[in-house]
file model-v8.cif (mmCIF, C-alpha atoms and all ligand atoms)
data_input
loop_
_atom_site.label_atom_id
_atom_site.label_comp_id
_atom_site.auth_asym_id
_atom_site.auth_seq_id
_atom_site.Cartn_x
_atom_site.Cartn_y
_atom_site.Cartn_z
CA MET C 1 -1.93 12.20 23.00
CA ASN C 2 -3.67 9.51 21.07
CA PRO C 3 -7.05 8.25 22.27
CA SER C 4 -5.94 4.65 21.76
CA ARG C 5 -3.42 5.00 24.61
CA ARG C 6 -4.52 5.84 28.14
CA PRO C 7 -2.44 8.76 29.44
CA LEU C 8 -0.12 8.18 32.37
CA ILE C 9 1.35 10.76 34.73
CA ALA C 10 4.09 9.54 37.08
CA GLY C 11 5.76 11.44 39.90
CA ASN C 12 9.40 10.68 40.66
CA TRP C 13 9.96 11.93 44.20
CA LYS C 14 13.68 11.14 44.05
CA MET C 15 15.38 11.30 47.49
CA ASN C 16 12.59 13.32 49.12
CA LEU C 17 9.72 12.55 51.49
CA GLY C 18 10.86 9.12 52.66
CA GLY C 19 9.01 9.10 55.97
CA PRO C 20 5.59 9.81 57.43
CA GLU C 21 5.51 13.20 55.70
CA SER C 22 4.94 11.29 52.43
CA ILE C 23 1.42 10.34 53.49
CA GLY C 24 -0.10 13.83 53.31
CA LEU C 25 1.15 14.40 49.77
CA ALA C 26 0.14 10.93 48.56
CA SER C 27 -3.34 11.29 50.04
CA GLY C 28 -3.74 14.68 48.37
CA ILE C 29 -2.69 13.25 45.01
CA ALA C 30 -5.03 10.29 45.48
CA ARG C 31 -7.91 12.69 46.14
CA VAL C 32 -7.24 14.48 42.85
CA ALA C 33 -6.67 11.23 40.93
CA ARG C 34 -10.03 9.90 42.11
CA GLU C 35 -11.73 12.79 40.26
CA LEU C 36 -9.82 12.26 37.02
CA ALA C 37 -11.21 9.18 35.33
CA GLY C 38 -9.31 8.10 32.24
CA LEU C 39 -5.91 9.11 33.60
CA ASP C 40 -3.39 6.72 35.20
CA VAL C 41 -1.43 8.27 38.06
CA VAL C 42 1.65 6.69 39.61
CA ILE C 43 3.87 7.99 42.41
CA CYS C 44 7.42 6.78 42.94
CA PRO C 45 8.51 7.71 46.46
CA PRO C 46 11.72 6.51 48.15
CA PHE C 47 11.84 2.82 49.14
CA THR C 48 11.40 3.74 52.80
CA ALA C 49 7.94 5.20 52.22
CA LEU C 50 6.55 2.40 50.06
CA ALA C 51 5.06 0.10 52.72
CA ALA C 52 3.28 2.90 54.58
CA LEU C 53 1.94 4.35 51.35
CA ALA C 54 0.77 0.96 50.09
CA ALA C 55 -1.34 0.64 53.23
CA GLU C 56 -2.61 4.20 52.93
CA LEU C 57 -3.50 3.99 49.22
CA ASP C 58 -4.94 0.48 49.26
CA GLY C 59 -8.04 0.29 47.07
CA GLY C 60 -7.58 3.81 45.67
CA PRO C 61 -6.77 4.97 42.15
CA LEU C 62 -3.15 5.87 42.77
CA ARG C 63 -0.49 3.32 41.79
CA LEU C 64 2.82 2.93 43.53
CA GLY C 65 6.19 2.66 41.80
CA ALA C 66 9.79 2.37 42.92
CA GLN C 67 12.66 4.44 41.57
CA ASN C 68 15.04 1.56 40.94
CA VAL C 69 15.35 -2.22 41.19
CA HIS C 70 18.18 -4.74 41.18
CA SER C 71 18.36 -7.18 38.29
CA LYS C 72 18.87 -10.25 40.52
CA THR C 73 16.16 -11.89 42.58
CA SER C 74 18.13 -12.29 45.86
CA GLY C 75 21.61 -12.75 47.25
CA ALA C 76 24.67 -10.85 48.43
CA PHE C 77 23.88 -7.42 46.98
CA THR C 78 24.08 -5.16 50.01
CA GLY C 79 21.73 -2.23 49.87
CA GLU C 80 19.76 -3.45 46.88
CA ILE C 81 16.07 -4.32 46.44
CA SER C 82 14.63 -7.00 44.15
CA ALA C 83 11.56 -6.83 41.94
CA ASP C 84 9.78 -9.46 44.05
CA MET C 85 10.39 -7.34 47.15
CA LEU C 86 8.84 -4.34 45.42
CA VAL C 87 5.78 -6.34 44.41
CA ALA C 88 5.43 -7.67 47.97
CA THR C 89 5.52 -4.08 49.21
CA GLY C 90 2.68 -3.01 46.93
CA CYS C 91 4.45 -1.61 43.87
CA THR C 92 3.09 -2.14 40.38
CA TRP C 93 5.64 0.08 38.61
CA VAL C 94 9.37 0.68 38.70
CA ILE C 95 11.53 3.31 37.00
CA VAL C 96 14.59 1.81 35.31
CA GLY C 97 17.49 3.61 33.68
CA HIS C 98 16.76 7.08 35.04
CA SER C 99 19.55 9.37 33.87
CA GLU C 100 20.60 10.00 37.49
CA ARG C 101 21.11 6.23 37.88
CA ARG C 102 23.03 6.13 34.61
CA GLN C 103 25.12 9.18 35.56
CA PHE C 104 25.84 8.58 39.26
CA PHE C 105 25.36 4.85 39.88
CA GLY C 106 26.77 3.15 36.80
CA ASP C 107 23.55 1.87 35.24
CA THR C 108 24.56 0.81 31.73
CA ASP C 109 22.29 0.12 28.75
CA SER C 110 22.64 -3.62 29.26
CA TRP C 111 22.00 -3.43 33.00
CA VAL C 112 18.89 -1.35 32.34
CA ALA C 113 17.69 -4.16 30.05
CA GLU C 114 18.36 -6.73 32.81
CA LYS C 115 16.43 -4.61 35.29
CA ALA C 116 13.48 -4.34 32.87
CA GLN C 117 13.59 -8.12 32.44
CA ALA C 118 13.61 -8.62 36.23
CA ALA C 119 10.62 -6.28 36.52
CA PHE C 120 8.58 -8.17 33.91
CA LYS C 121 9.43 -11.50 35.53
CA ALA C 122 7.99 -10.23 38.83
CA LYS C 123 4.94 -8.75 37.04
CA LEU C 124 6.11 -5.22 37.72
CA ALA C 125 5.69 -2.67 34.93
CA PRO C 126 8.99 -1.02 33.98
CA MET C 127 9.15 2.65 33.06
CA VAL C 128 12.30 2.71 30.96
CA CYS C 129 14.05 6.07 30.74
CA VAL C 130 16.06 7.17 27.74
CA GLY C 131 17.41 10.55 26.71
CA GLU C 132 20.41 12.49 25.50
CA THR C 133 22.70 14.87 27.35
CA GLU C 134 23.12 18.49 26.34
CA ALA C 135 26.51 17.74 24.75
CA GLN C 136 25.01 14.89 22.75
CA ARG C 137 22.17 17.10 21.53
CA GLU C 138 24.59 19.85 20.55
CA ALA C 139 26.68 17.31 18.66
CA GLY C 140 23.58 16.24 16.72
CA GLU C 141 23.62 12.79 18.34
CA THR C 142 20.16 12.79 19.92
CA LEU C 143 18.57 10.15 17.71
CA ALA C 144 21.70 7.98 17.72
CA VAL C 145 21.74 8.01 21.54
CA LEU C 146 18.05 7.09 21.68
CA GLU C 147 18.66 4.31 19.19
CA ARG C 148 21.57 2.91 21.24
CA GLN C 149 19.63 3.04 24.51
CA LEU C 150 16.51 1.51 22.96
CA ASN C 151 18.41 -1.14 21.08
CA ALA C 152 19.70 -2.64 24.32
CA VAL C 153 16.29 -2.95 25.96
CA LEU C 154 14.07 -3.56 22.93
CA PRO C 155 14.30 -7.38 22.86
CA VAL C 156 13.09 -7.45 26.48
CA LEU C 157 10.22 -5.05 25.76
CA VAL C 158 9.16 -6.92 22.62
CA ALA C 159 9.22 -10.25 24.47
CA HIS C 160 6.66 -8.75 26.88
CA ALA C 161 4.80 -6.66 24.31
CA ARG C 162 1.41 -7.15 25.96
CA ALA C 163 2.52 -6.46 29.53
CA PRO C 164 2.13 -3.04 31.18
CA MET C 165 5.16 -0.82 30.59
CA ALA C 166 6.15 2.68 29.55
CA ILE C 167 9.12 4.43 28.00
CA ALA C 168 10.07 7.86 29.30
CA TYR C 169 11.91 10.21 26.98
CA GLU C 170 13.85 12.39 29.37
CA PRO C 171 16.40 14.71 27.77
CA VAL C 172 19.05 15.03 30.47
CA TRP C 173 19.46 18.76 29.84
CA ALA C 174 15.80 19.29 30.71
CA ILE C 175 15.80 17.40 34.01
CA GLY C 176 15.60 19.71 37.00
CA THR C 177 16.72 22.71 34.95
CA GLY C 178 13.42 24.48 34.34
CA LYS C 179 14.25 24.22 30.61
CA ALA C 180 11.71 21.75 29.19
CA ALA C 181 11.96 20.55 25.63
CA GLY C 182 9.66 22.42 23.28
CA PRO C 183 6.70 20.45 21.96
CA ALA C 184 8.29 20.14 18.49
CA ASP C 185 11.54 18.67 19.87
CA ALA C 186 9.62 16.37 22.22
CA GLU C 187 7.37 15.16 19.41
CA GLU C 188 10.35 14.53 17.14
CA ALA C 189 12.00 12.32 19.77
CA HIS C 190 8.77 10.54 20.69
CA ALA C 191 7.87 9.86 17.06
CA PHE C 192 11.39 8.54 16.50
CA ILE C 193 11.09 6.21 19.51
CA ARG C 194 7.78 4.84 18.28
CA LYS C 195 9.06 4.41 14.73
CA TYR C 196 12.19 2.69 15.97
CA ILE C 197 10.12 0.22 18.00
CA ALA C 198 7.81 -0.34 15.03
CA GLY C 199 10.84 -1.60 13.11
CA THR C 200 10.78 -4.63 15.42
CA SER C 201 7.20 -4.77 16.67
CA GLU C 202 4.34 -2.72 15.26
CA GLU C 203 2.09 -4.09 17.99
CA LEU C 204 4.31 -2.73 20.74
CA ALA C 205 4.87 0.57 18.94
CA ALA C 206 1.13 1.14 18.72
CA ARG C 207 0.40 0.37 22.35
CA VAL C 208 3.44 1.47 24.37
CA ARG C 209 3.02 4.72 26.24
CA VAL C 210 5.90 7.11 25.68
CA LEU C 211 6.08 9.69 28.46
CA TYR C 212 7.94 12.99 28.34
CA GLY C 213 10.09 13.95 31.33
CA GLY C 214 12.10 17.09 32.05
CA SER C 215 10.84 20.23 33.78
CA VAL C 216 7.16 19.51 33.20
CA THR C 217 4.94 22.09 34.92
CA GLY C 218 1.30 23.03 35.00
CA ALA C 219 2.14 25.72 32.46
CA ASN C 220 3.72 23.50 29.79
CA ALA C 221 1.91 20.19 30.36
CA ARG C 222 -0.90 20.94 27.95
CA ASP C 223 1.39 21.77 25.02
CA LEU C 224 3.68 18.81 25.64
CA LEU C 225 0.92 16.28 26.17
CA GLY C 226 -0.97 17.67 23.23
CA CYS C 227 1.67 16.14 20.91
CA ALA C 228 0.47 13.08 19.01
CA ASN C 229 3.15 10.73 20.34
CA VAL C 230 3.34 12.02 23.92
CA ASP C 231 1.22 9.78 26.14
CA GLY C 232 1.92 11.30 29.52
CA ALA C 233 4.70 12.64 31.69
CA LEU C 234 7.32 11.58 34.19
CA VAL C 235 7.53 14.51 36.59
CA GLY C 236 10.31 15.14 39.10
CA GLY C 237 10.45 18.43 40.99
CA ALA C 238 6.83 19.38 40.39
CA SER C 239 5.58 16.04 41.74
CA ILE C 240 6.52 16.67 45.37
CA ALA C 241 4.18 19.60 45.99
CA ILE C 242 0.46 19.16 45.48
CA GLU C 243 0.04 22.74 44.25
CA LYS C 244 2.50 21.99 41.42
CA PHE C 245 1.45 18.41 40.62
CA GLU C 246 -2.31 18.94 40.64
CA PRO C 247 -2.30 21.42 37.69
CA ILE C 248 -0.27 18.89 35.64
CA LEU C 249 -2.80 16.17 36.42
CA ARG C 250 -5.72 18.43 35.59
CA ALA C 251 -4.16 19.71 32.34
CA SER C 252 -3.51 16.13 31.25
CA HIS C 253 -7.01 15.06 32.13
CA ALA C 254 -8.51 18.01 30.25
CA LEU C 255 -6.80 16.76 27.09
CA THR C 256 -8.54 13.41 27.42
CA LEU C 257 -11.87 15.26 27.24
CA SER C 258 -11.04 17.39 24.20
C1 LIG W 301 12.95 13.37 36.50
O1 LIG W 301 13.84 13.38 37.33
O2 LIG W 301 12.54 12.28 36.05
C2 LIG W 301 12.40 14.64 36.06
C3 LIG W 301 11.68 14.67 34.98
O3 LIG W 301 12.70 15.73 36.84
P1 LIG W 301 12.11 17.23 36.66
O4 LIG W 301 10.65 17.12 36.37
O5 LIG W 301 12.40 17.88 37.97
O6 LIG W 301 12.85 17.84 35.53
#

call {"tool": "encode", "arguments": {"input": "model-v8.cif", "output": "structure tokens"}}
result
Amino acid sequence: MNPSRRPLIAGNWKMNLGGPESIGLASGIARVARELAGLDVVICPPFTALAALAAELDGGPLRLGAQNVHSKTSGAFTGEISADMLVATGCTWVIVGHSERRQFFGDTDSWVAEKAQAAFKAKLAPMVCVGETEAQREAGETLAVLERQLNAVLPVLVAHARAPMAIAYEPVWAIGTGKAAGPADAEEAHAFIRKYIAGTSEELAARVRVLYGGSVTGANARDLLGCANVDGALVGGASIAIEKFEPILRASHALTLS
């Protein structure tokens, strides 16, 4: 963590809690977030829960994000949701390029860039996910993969360098496996991401929050977020149970005080 960047913890609920049962969890998280000044907290529930949660959370500290967005504003794209629709529903954030989208739904580097552009145009903050697979890491390709993924989206990010946004480094092998990256590996990737961005825009590199994602828990949050270039976390599995998410929020907040 670096005191010049406000830490951000985001919960990616994936395809869970899409109905009224989402309200209890969101209210519990909002209660905790209200106590933790200096920490930004975002939840990304399924699309179907967004409107109800926007009404429930109105005026509170918790921000709402979506898990995906289409790159076009409207038209014949059955099943898709535009950035304007997300804003109208109360979202201020959207995840783009999550590895599950890349792996199962054909999101390419260039489409991720178009989605980020659509988000900025609607005044929605994109949380752009990048990260290598286990095979790529074993082949020594981690930094090359990050460079390729960043390269595609960087012009869009630089063009909106002063707008809210985040990058999430999510090694695919760490997502949902219980095998988080160690702090040294996370810091190496985060420092590389920041240095790579600085090659085009030092302003953006200094201000963009780079989150770590992949099996973050209450037990490892402190070590991961204690790294100089880790500005928060994107949390999957541990974000859908208050007893798992709350310790992550509290550990992150404690670091802001130290
Ligand atoms: C994610 O899906 O973005 C994620 C980080 O999942 P998990 O925390 O469950 O590894």

call {"tool": "residues_near_ligand", "arguments": {"input": "model-v8.cif", "ligand": "ligand LIG 301 (chain W)", "cutoff": "8 Å", "atoms": "all atoms listed in the file", "output": "PyMOL selection string"}}
result
chain C and resi 11-12+14+98-100+170+174-178+180+212-217+233-239

call {"tool": "closest_residue", "arguments": {"input": "model-v8.cif", "among": "C:Leu50, C:Leu225, C:Val94, C:Val210", "to": "Leu124 in chain C", "atoms": "all atoms listed in the file"}}
result
C:Val94

call {"tool": "axis_aligned_box", "arguments": {"input": "model-v8.cif", "around": "range 5-10 of chain C", "padding_each_side": "6 Å", "output": "AutoDock Vina command-line options"}}
result
--center_x -0.2 --center_y 7.9 --center_z 30.8 --size_x 20.6 --size_y 17.8 --size_z 24.5

call {"tool": "closest_residue", "arguments": {"input": "model-v8.cif", "among": "C:Cys91, C:Met15, C:Ala54, C:Ile9", "to": "Asp40 in chain C", "atoms": "all atoms listed in the file"}}
result
C:Ile9

call {"tool": "atom_distance", "arguments": {"input": "model-v8.cif", "atom1": "CA of Arg5 in chain C", "atom2": "CA of Ile197 in chain C"}}
result
15.8 Å
